[in-house]
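The file data_2.tsv contains TSV, C-alpha atoms:
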```
chain	number	residue	atom	x	y	z
K	1008	MET	CA	12.29	-43.41	-5.02
K	1009	ALA	CA	13.42	-39.80	-4.70
K	1010	VAL	CA	16.22	-40.43	-7.21
K	1011	VAL	CA	13.72	-41.89	-9.67
K	1012	LEU	CA	11.44	-38.84	-9.32
K	1013	LEU	CA	14.37	-36.50	-9.90
K	1014	ALA	CA	15.37	-38.46	-12.99
K	1015	ILE	CA	11.81	-38.34	-14.34
K	1016	SER	CA	11.63	-34.59	-13.66
K	1017	ALA	CA	14.91	-34.07	-15.49
K	1018	ILE	CA	13.61	-36.04	-18.50
K	1019	ILE	CA	10.42	-33.98	-18.57
K	1020	ILE	CA	12.39	-30.74	-18.43
K	1021	LEU	CA	14.73	-31.83	-21.23
K	1022	ALA	CA	11.82	-33.08	-23.32
K	1023	ALA	CA	10.15	-29.71	-22.99
K	1024	GLY	CA	13.32	-28.03	-24.16
K	1025	LEU	CA	13.82	-26.17	-20.87
K	1026	THR	CA	17.07	-25.73	-19.02
K	1027	ILE	CA	17.13	-25.70	-15.23
K	1028	ALA	CA	17.89	-21.97	-15.32
K	1029	ALA	CA	14.92	-21.33	-17.63
K	1030	LEU	CA	12.62	-23.35	-15.40
K	1031	VAL	CA	13.74	-21.45	-12.30
K	1032	ASP	CA	13.19	-18.15	-14.11
K	1033	ARG	CA	9.73	-19.23	-15.17
K	1034	LEU	CA	8.81	-20.24	-11.62
K	1035	ARG	CA	9.97	-16.84	-10.35
K	1036	GLN	CA	7.81	-15.11	-12.96
K	1037	LEU	CA	4.78	-17.10	-11.86
K	1038	GLU	CA	5.51	-16.27	-8.21
K	1039	ARG	CA	5.67	-12.53	-8.99
K	1040	GLN	CA	2.43	-12.71	-10.95
K	1041	ALA	CA	0.68	-14.38	-8.01
K	1042	VAL	CA	1.40	-11.42	-5.70
K	1043	THR	CA	1.21	-8.53	-8.20
K	1044	ASP	CA	-1.69	-6.34	-9.29
K	1045	PRO	CA	-1.79	-6.68	-13.10
K	1046	LEU	CA	-2.88	-3.09	-13.77
K	1047	THR	CA	-0.43	-1.08	-11.67
K	1048	GLY	CA	2.41	-3.49	-10.92
K	1049	ALA	CA	2.00	-2.88	-7.18
K	1050	PHE	CA	1.66	-5.88	-4.89
K	1051	ASN	CA	-1.88	-7.23	-4.49
K	1052	ARG	CA	-4.08	-7.60	-1.42
K	1053	ARG	CA	-3.14	-11.23	-0.89
K	1054	HIS	CA	0.51	-10.29	-0.45
K	1055	TYR	CA	-0.51	-7.25	1.63
K	1056	GLU	CA	-2.03	-9.41	4.35
K	1057	HIS	CA	1.07	-11.59	4.44
K	1058	CYS	CA	3.39	-8.57	4.78
K	1059	LEU	CA	1.34	-7.04	7.59
K	1060	ARG	CA	1.81	-10.26	9.58
K	1061	THR	CA	5.53	-10.25	8.78
K	1062	ALA	CA	5.92	-6.66	10.04
K	1063	ILE	CA	4.11	-7.57	13.26
K	1064	GLU	CA	6.36	-10.57	13.77
K	1065	ARG	CA	9.47	-8.40	13.34
K	1066	ARG	CA	8.03	-5.85	15.78
K	1067	THR	CA	7.47	-8.62	18.33
K	1068	ARG	CA	10.84	-10.34	17.90
K	1069	TYR	CA	13.22	-7.48	17.19
K	1070	ARG	CA	11.25	-4.38	18.28
K	1071	GLU	CA	11.59	-3.09	14.73
K	1072	PRO	CA	9.23	-0.17	14.13
K	1073	ALA	CA	6.92	-0.04	11.13
K	1074	SER	CA	4.24	2.31	9.90
K	1075	LEU	CA	1.26	1.72	7.67
K	1076	VAL	CA	0.23	4.36	5.14
K	1077	VAL	CA	-3.18	3.91	3.51
K	1078	PHE	CA	-4.48	6.25	0.82
K	1079	ASP	CA	-6.92	6.54	-2.03
K	1080	VAL	CA	-7.67	8.86	-4.93
K	1081	ASP	CA	-10.13	11.61	-4.03
K	1082	ARG	CA	-13.41	11.54	-5.97
K	1083	PHE	CA	-12.16	8.74	-8.21
K	1084	LYS	CA	-15.69	7.89	-9.39
K	1085	ASP	CA	-16.00	11.42	-10.76
K	1086	ILE	CA	-12.77	10.90	-12.70
K	1087	ASN	CA	-14.11	7.70	-14.26
K	1088	ASP	CA	-17.48	9.28	-15.03
K	1089	ARG	CA	-15.98	12.40	-16.58
K	1090	PHE	CA	-12.94	11.06	-18.41
K	1091	GLY	CA	-13.66	7.33	-18.76
K	1092	HIS	CA	-12.27	4.21	-17.13
K	1093	THR	CA	-9.22	4.13	-19.39
K	1094	SER	CA	-8.18	7.52	-18.05
K	1095	GLY	CA	-8.94	6.36	-14.52
K	1096	ASP	CA	-6.64	3.38	-15.01
K	1097	ALA	CA	-3.93	5.69	-16.34
K	1098	VAL	CA	-4.21	7.81	-13.19
K	1099	LEU	CA	-3.71	4.76	-10.98
K	1100	LYS	CA	-0.64	3.65	-12.93
K	1101	ALA	CA	0.86	7.14	-12.85
K	1102	LEU	CA	0.21	7.36	-9.12
K	1103	VAL	CA	2.24	4.20	-8.54
K	1104	VAL	CA	5.12	5.61	-10.60
K	1105	ILE	CA	5.20	8.81	-8.51
K	1106	ILE	CA	5.19	6.93	-5.23
K	1107	ARG	CA	7.89	4.49	-6.29
K	1108	ARG	CA	10.18	7.37	-7.22
K	1109	ARG	CA	10.04	8.57	-3.60
K	1110	ALA	CA	9.85	5.23	-1.77
K	1111	ARG	CA	12.84	3.38	-0.41
K	1112	ALA	CA	13.80	-0.04	-1.75
K	1113	LEU	CA	12.48	-1.74	1.40
K	1114	ASP	CA	9.08	0.04	1.33
K	1115	LEU	CA	6.26	-2.18	0.07
K	1116	LEU	CA	3.45	-0.75	-2.08
K	1117	PHE	CA	0.11	-2.52	-2.44
K	1118	ARG	CA	-3.10	-1.95	-4.37
K	1119	THR	CA	-5.78	-3.01	-1.91
K	1120	GLY	CA	-8.92	-2.02	-3.81
K	1121	GLY	CA	-10.13	-0.11	-6.86
K	1122	GLU	CA	-8.44	3.23	-6.12
K	1123	GLU	CA	-7.10	2.21	-2.71
K	1124	PHE	CA	-3.44	1.66	-1.90
K	1125	ALA	CA	-1.21	0.99	1.09
K	1126	LEU	CA	2.46	1.31	1.94
K	1127	VAL	CA	4.25	-0.66	4.64
K	1128	LEU	CA	7.24	1.39	5.79
K	1129	SER	CA	9.71	-0.82	7.64
K	1130	GLY	CA	11.77	0.91	10.33
K	1131	ALA	CA	9.65	4.09	10.19
K	1132	ARG	CA	8.19	5.84	13.22
K	1133	LEU	CA	4.95	7.82	12.95
K	1134	ASP	CA	6.48	11.26	12.38
K	1135	GLU	CA	8.81	9.94	9.70
K	1136	ALA	CA	5.95	8.15	7.94
K	1137	ILE	CA	3.73	11.26	8.08
K	1138	GLY	CA	6.52	13.37	6.58
K	1139	PHE	CA	7.01	10.88	3.76
K	1140	ALA	CA	3.27	10.69	3.13
K	1141	GLU	CA	3.00	14.49	2.96
K	1142	GLU	CA	5.80	14.61	0.39
K	1143	PHE	CA	4.15	12.20	-2.00
K	1144	ARG	CA	0.69	13.70	-1.39
K	1145	ALA	CA	2.08	17.07	-2.49
K	1146	SER	CA	3.82	15.46	-5.48
K	1147	VAL	CA	0.58	13.88	-6.66
K	1148	ALA	CA	-1.34	17.15	-6.32
K	1149	ALA	CA	1.32	19.01	-8.31
K	1150	SER	CA	1.70	16.43	-11.07
K	1151	ARG	CA	-1.46	17.14	-13.09
K	1152	LEU	CA	-1.95	13.47	-13.89
K	1153	LEU	CA	-5.04	13.94	-16.04
K	1154	ASN	CA	-5.21	16.56	-18.81
K	1155	GLY	CA	-4.39	19.40	-16.45
K	1156	HIS	CA	-7.03	18.20	-13.99
K	1157	VAL	CA	-5.83	18.21	-10.38
K	1158	VAL	CA	-5.80	14.69	-8.92
K	1159	SER	CA	-5.37	14.45	-5.16
K	1160	ILE	CA	-5.11	11.72	-2.55
K	1161	SER	CA	-6.12	11.47	1.09
K	1162	VAL	CA	-3.82	9.61	3.44
K	1163	GLY	CA	-4.03	7.92	6.83
K	1164	VAL	CA	-0.92	6.84	8.77
K	1165	SER	CA	-0.53	4.54	11.76
K	1166	GLU	CA	2.58	3.29	13.54
K	1167	LEU	CA	2.47	-0.34	14.60
K	1168	ARG	CA	2.12	-0.77	18.36
K	1169	HIS	CA	3.17	-3.77	20.40
K	1170	GLY	CA	0.43	-6.38	20.63
K	1171	GLN	CA	-1.65	-5.11	17.72
K	1172	SER	CA	-3.22	-7.56	15.31
K	1173	PRO	CA	-3.13	-6.92	11.55
K	1174	LEU	CA	-6.80	-5.93	11.69
K	1175	GLU	CA	-6.27	-3.47	14.56
K	1176	TRP	CA	-3.32	-1.85	12.81
K	1177	LEU	CA	-5.25	-1.56	9.57
K	1178	MET	CA	-8.37	-0.18	11.27
K	1179	GLU	CA	-6.31	2.50	12.98
K	1180	ALA	CA	-4.82	3.63	9.67
K	1181	ASP	CA	-8.24	3.46	7.98
K	1182	LEU	CA	-9.75	5.66	10.68
K	1183	ALA	CA	-7.02	8.25	10.12
K	1184	LEU	CA	-7.84	8.11	6.38
K	1185	TYR	CA	-11.50	8.64	7.24
K	1186	HIS	CA	-10.55	11.82	9.13
K	1187	ALA	CA	-8.52	13.03	6.16
K	1188	LYS	CA	-11.56	12.58	3.93
K	1189	ASP	CA	-13.93	14.11	6.45
K	1190	ALA	CA	-11.68	17.15	6.90
K	1191	GLY	CA	-11.78	18.05	3.21
K	1192	ARG	CA	-9.54	15.53	1.37
K	1193	ASN	CA	-6.06	16.12	-0.10
K	1194	ARG	CA	-4.35	15.85	3.27
K	1195	VAL	CA	-2.44	13.51	5.57
K	1196	VAL	CA	-3.65	12.47	9.02
K	1197	GLY	CA	-1.60	10.42	11.46
K	1198	ALA	CA	-3.13	8.25	14.19
K	1199	ALA	CA	-1.69	7.60	17.63
K	1200	ALA	CA	-3.02	5.56	20.55
K	1201	ASN	CA	-3.85	7.39	23.77
K	1202	THR	CA	-5.16	5.46	26.78
K	1203	GLY	CA	-6.82	2.86	24.63
K	1204	SER	CA	-8.69	5.23	22.31
K	1205	LEU	CA	-7.64	6.60	18.96
K	1206	GLU	CA	-6.60	10.21	18.71
K	1207	ILE	CA	-5.51	12.14	15.66
K	1208	SER	CA	-1.95	13.14	16.44
K	1209	ARG	CA	-1.26	15.34	13.46
K	1210	ALA	CA	-3.18	16.66	10.46
K	1211	PHE	CA	-2.08	19.03	7.76
K	1212	GLY	CA	-4.50	21.93	7.89
K	1213	VAL	CA	-6.97	20.39	10.37
K	1214	SER	CA	-7.07	19.01	13.89
K	1215	THR	CA	-9.86	16.55	14.50
K	1216	ARG	CA	-10.91	13.64	16.71
K	1217	ARG	CA	-12.70	10.36	16.29
K	1218	ARG	CA	-16.41	10.27	15.53
K	1219	ALA	CA	-18.92	7.50	15.88
K	1220	ALA	CA	-19.56	6.77	12.23
K	1221	ALA	CA	-17.72	7.26	8.95
K	1222	PRO	CA	-19.08	9.65	6.34
K	1223	ALA	CA	-20.97	8.20	3.41
```
Written as structure tokens, how would this file's structure read?
Amino acid sequence: MAVVLLAISAIIILAAGLTIAALVDRLRQLERQAVTDPLTGAFNRRHYEHCLRTAIERRTRYREPASLVVFDVDRFKDINDRFGHTSGDAVLKALVVIIRRRARALDLLFRTGGEEFALVLSGARLDEAIGFAEEFRASVAASRLLNGHVVSISVGVSELRHGQSPLEWLMEADLALYHAKDAGRNRVVGAAANTGSLEISRAFGVSTRRRAAAPA
């Protein structure tokens, strides 16, 4: 039966004028499209969730460190309102280009929302991830992505800890991003666990601690 199915598949492929190599290439294209954000070319949220679980599995099995960097464009709604959505889209695409120039081949970049992005840095401890995040934050601020208008990003960083779930890891990084926003934007904040509660371990320009509710 299996031989018959293979023969039928081969006939269909030949009838469609496709070689095996062309079919494999087409399947790879479809696979990339399924995990890629069409606007920016970064990976999409679906693939993001999968990669978080993979990083946690590697941390559990091999004790391989990993850090999560989450960031978004400051006052992005104002950019859209003032310059239009086409310009806003151009900013997002340019932002991805800047980050990819600085990222390593094994670093994974995701678009997780409208102006929201994340990087999974395999093998990176917290201090290393914060240093990398500060470099690309400064590059974005200096790039003048929009008609001379300064575009900035706020960044939260969290190193994966043993036993964390994907949600716990993400929430820790998101809380650090909240502090970066609350402290004035255009900065990097790193989160570290301390006796079960979250403490801001490092902030560029500001030291701050957790609050009960996020700012509006």
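Among the candidate residues K:Leu1167, K:Leu1102, K:Val1196, K:Ala1041, the one lying nearest to Ala1149 in chain K is K:Leu1102, with distances computed using only C-alpha atoms.
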Non-local contacts of Asp1081 in chain K (12 Å; all atoms listed in the file; under 5 positions in same chain excluded) as a short mmCIF file (atom, residue, chain, number, x, y, z; two decimals) with C-alpha atoms, keeping the file's coordinate frame:
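And here's result13.cif as it stands now:
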```cif
data_model
loop_
_atom_site.label_atom_id
_atom_site.label_comp_id
_atom_site.auth_asym_id
_atom_site.auth_seq_id
_atom_site.Cartn_x
_atom_site.Cartn_y
_atom_site.Cartn_z
CA ILE K 1086 -12.77 10.90 -12.70
CA ASN K 1087 -14.11 7.70 -14.26
CA GLY K 1095 -8.94 6.36 -14.52
CA VAL K 1098 -4.21 7.81 -13.19
CA LEU K 1099 -3.71 4.76 -10.98
CA GLU K 1122 -8.44 3.23 -6.12
CA GLU K 1123 -7.10 2.21 -2.71
CA ARG K 1144 0.69 13.70 -1.39
CA VAL K 1147 0.58 13.88 -6.66
CA ALA K 1148 -1.34 17.15 -6.32
CA VAL K 1157 -5.83 18.21 -10.38
CA VAL K 1158 -5.80 14.69 -8.92
CA SER K 1159 -5.37 14.45 -5.16
CA ILE K 1160 -5.11 11.72 -2.55
CA SER K 1161 -6.12 11.47 1.09
CA VAL K 1162 -3.82 9.61 3.44
CA LEU K 1184 -7.84 8.11 6.38
CA TYR K 1185 -11.50 8.64 7.24
CA ALA K 1187 -8.52 13.03 6.16
CA LYS K 1188 -11.56 12.58 3.93
CA ASP K 1189 -13.93 14.11 6.45
CA GLY K 1191 -11.78 18.05 3.21
CA ARG K 1192 -9.54 15.53 1.37
CA ASN K 1193 -6.06 16.12 -0.10
CA ARG K 1194 -4.35 15.85 3.27
#
```
Using all atoms listed in the file, the best pick from K:Leu1174, K:Ala1145, K:Leu1153, K:Leu1133 as closest to Pro1072 in chain K would be K:Leu1133
Exercise. May I ask for the distance between CA of Glu1056 in chain K and CA of Glu1142 in chain K, given in Å to one decimal place?
Key: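 Straight-line distance from CA of Glu1056 in chain K to CA of Glu1142 in chain K works out to 25.6 Å.
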Compile the contact shell of range 1108-1114 of chain K as a PyMOL selection string: residues with an atom at most 12 Å away, counting all atoms listed in the file, same-chain residues fewer than 3 positions apart removed.
-> chain K and resi 1049-1050+1058+1062+1073-1076+1101-1105+1117+1125-1131+1136+1138-1147
Distance in Å - CA of Ala1183 in chain K versus CA of Gly1197 in chain K
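One can read the CA of Ala1183 in chain K to CA of Gly1197 in chain K distance as 6.0 Å.
Take CA of Lys1100 in chain K and CA of Leu1059 in chain K: the distance between them is 23.2 Å.
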I'd like the box whose edges run along x, y and z of the file and which contains every listed atom of range 1079-1093 of chain K, padded by 3 Å per side; could you state its centre and edge lengths in Å, one decimal, as JSON?
```
{"center_x": -12.2, "center_y": 8.3, "center_z": -10.7, "size_x": 16.6, "size_y": 14.3, "size_z": 23.4}
```
>> So that I can see what lies close to Arg1060 in chain K, please list as a PyMOL selection string the residues with an atom at most 9 Å from it, counting only C-alpha atoms and leaving out residues fewer than 5 positions away in the same chain.
In response: chain K and resi 1055+1065+1172-1173
Counting all atoms listed in the file, the residue among K:Asp1088, K:Asp1044, K:Phe1083, K:Val1164 that lies closest to His1186 in chain K is K:Val1164
Counting all atoms listed in the file, closest pick from K:Thr1093, K:Gly1163, K:Val1080, K:Thr1119 relative to Ala1190 in chain K is K:Gly1163
| task | Identify which of the residues K:Ile1063, K:Ala1198, K:Leu1116, K:Ala1028 lies closest to Asp1181 in chain K, counting only C-alpha atoms when measuring atom-to-atom distances. | result |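 Selected residue with least distance to Asp1181 in chain K: K:Ala1198.
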